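First the structure, in the form of structure tokens, and then the observations on it.
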Amino acid sequence: RTRPPSATRPRLLYVEDDLGNPVPDASVLIRVQRNGRMHMTLSGRTKPDGTVMLRVSKAPPGSYETIVVRVAAEGLEWDGETPPNGFTK
């Protein structure tokens, strides 16, 4: 399960298990959409606290949404959900 990214250009995601515990070392892939169209993909690994910071560099003005494409962690299965999120620059 993932929580919504922050509403700034750096995308902070939090990955937790079904019990609400942070998931360290999870591989995360996101798609950033601008004005409803694919803008870029970003990936990273979560820290011990379950967070991963992914940065959107030189983002032009527009409406942005982050879609989680994949979360992989040993012994866990991702529920496939992306929490509602977005920001306008």
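We name chains A, B, ... following the order of the structure tokens; residues begin at 1 in each chain, and ligands are numbered from 1 as shown.
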
With a distance cut-off of 6 Å and only C-alpha atoms, select the neighbouring residues of segment 43-56 of chain A, excluding the residue or stretch itself and same-chain residues fewer than 4 positions from it, and output the selection as a compact mmCIF listing (two decimals) with N, CA, C and O atoms, in the first residue's frame.
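Generated output (part_38.txt):
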```
# COMPACT_ATOMS: atom_id res chain seq x y z
N ARG A 9 7.38 19.40 -6.16
CA ARG A 9 8.08 18.69 -7.23
C ARG A 9 8.80 17.44 -6.76
O ARG A 9 8.75 16.43 -7.45
N PRO A 10 9.48 17.44 -5.61
CA PRO A 10 9.99 16.14 -5.16
C PRO A 10 8.80 15.26 -4.79
O PRO A 10 7.89 15.71 -4.10
N ARG A 11 8.80 14.04 -5.27
CA ARG A 11 7.69 13.12 -4.99
C ARG A 11 8.12 12.22 -3.85
O ARG A 11 9.00 11.38 -4.01
N LEU A 12 7.53 12.39 -2.67
CA LEU A 12 7.83 11.56 -1.51
C LEU A 12 6.73 10.51 -1.40
O LEU A 12 5.56 10.86 -1.23
N LEU A 13 7.12 9.25 -1.51
CA LEU A 13 6.17 8.17 -1.38
C LEU A 13 6.50 7.38 -0.11
O LEU A 13 7.68 7.24 0.25
N TYR A 14 5.47 6.87 0.52
CA TYR A 14 5.62 6.04 1.71
C TYR A 14 5.00 4.69 1.40
O TYR A 14 3.84 4.62 0.99
N VAL A 15 5.76 3.62 1.59
CA VAL A 15 5.28 2.27 1.32
C VAL A 15 5.12 1.56 2.65
O VAL A 15 6.04 1.53 3.47
N PRO A 22 6.27 0.31 7.94
CA PRO A 22 7.06 0.73 6.77
C PRO A 22 7.72 -0.47 6.10
O PRO A 22 8.08 -1.44 6.77
N VAL A 23 7.86 -0.40 4.77
CA VAL A 23 8.50 -1.46 4.01
C VAL A 23 9.84 -0.93 3.50
O VAL A 23 9.87 -0.11 2.58
N PRO A 24 10.94 -1.37 4.11
CA PRO A 24 12.26 -0.93 3.64
C PRO A 24 12.69 -1.68 2.38
O PRO A 24 12.25 -2.80 2.13
N ASP A 25 13.55 -1.05 1.59
CA ASP A 25 14.18 -1.66 0.42
C ASP A 25 13.19 -2.14 -0.64
O ASP A 25 13.47 -3.08 -1.38
N ALA A 26 12.02 -1.49 -0.72
CA ALA A 26 11.05 -1.82 -1.77
C ALA A 26 11.45 -1.06 -3.04
O ALA A 26 11.86 0.09 -2.98
N SER A 27 11.33 -1.70 -4.17
CA SER A 27 11.58 -1.07 -5.46
C SER A 27 10.28 -0.41 -5.92
O SER A 27 9.23 -1.06 -5.95
N VAL A 28 10.35 0.88 -6.26
CA VAL A 28 9.16 1.64 -6.64
C VAL A 28 9.37 2.26 -8.02
O VAL A 28 10.43 2.83 -8.30
N LEU A 29 8.37 2.16 -8.88
CA LEU A 29 8.38 2.79 -10.20
C LEU A 29 7.13 3.64 -10.31
O LEU A 29 6.02 3.15 -10.06
```

For Gln33 of chain A, which residue among A:Tyr64, A:Pro83, A:Glu77, A:Lys89 is the nearest when counting only C-alpha atoms?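 Among A:Tyr64, A:Pro83, A:Glu77, A:Lys89, it is A:Tyr64 that comes nearest to Gln33 of chain A.
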
Can you list, as an MDAnalysis selection string, all residues belonging to segment 14-62 of chain A that DSSP tags as strand (DSSP E or B)? chainID A and resid 14:16 22 27:34 37:45 51:55

Written file, previous selection with C-alpha atoms, as a tab-separated table (two decimals), in the first residue's frame:
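Okay, this is what ended up in result19.tsv:
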```tsv
chain	number	residue	atom	x	y	z
A	14	TYR	CA	5.62	6.04	1.71
A	15	VAL	CA	5.28	2.27	1.32
A	16	GLU	CA	3.64	0.28	4.12
A	22	PRO	CA	7.06	0.73	6.77
A	27	SER	CA	11.58	-1.07	-5.46
A	28	VAL	CA	9.16	1.64	-6.64
A	29	LEU	CA	8.38	2.79	-10.20
A	30	ILE	CA	6.15	5.82	-10.82
A	31	ARG	CA	4.81	7.59	-13.89
A	32	VAL	CA	4.46	11.37	-13.68
A	33	GLN	CA	1.71	12.79	-15.86
A	34	ARG	CA	1.50	16.46	-16.87
A	37	ARG	CA	-0.16	13.02	-20.62
A	38	MET	CA	2.91	10.98	-19.77
A	39	HIS	CA	5.74	13.30	-18.71
A	40	MET	CA	8.38	10.97	-17.23
A	41	THR	CA	9.01	7.82	-15.23
A	42	LEU	CA	11.06	7.68	-12.04
A	43	SER	CA	12.23	4.81	-9.87
A	44	GLY	CA	13.95	4.24	-6.56
A	45	ARG	CA	14.21	2.14	-3.41
A	51	THR	CA	10.01	6.38	2.17
A	52	VAL	CA	11.52	7.10	-1.21
A	53	MET	CA	12.11	10.59	-2.62
A	54	LEU	CA	11.85	10.92	-6.41
A	55	ARG	CA	12.50	14.29	-8.02
```

Go ahead and compute the interatomic distance for atom CA of Ala73 of chain A and atom CA of Phe87 of chain A, in Å to one decimal.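 Computed distance, atom CA of Ala73 of chain A to atom CA of Phe87 of chain A, equals 28.0 Å.
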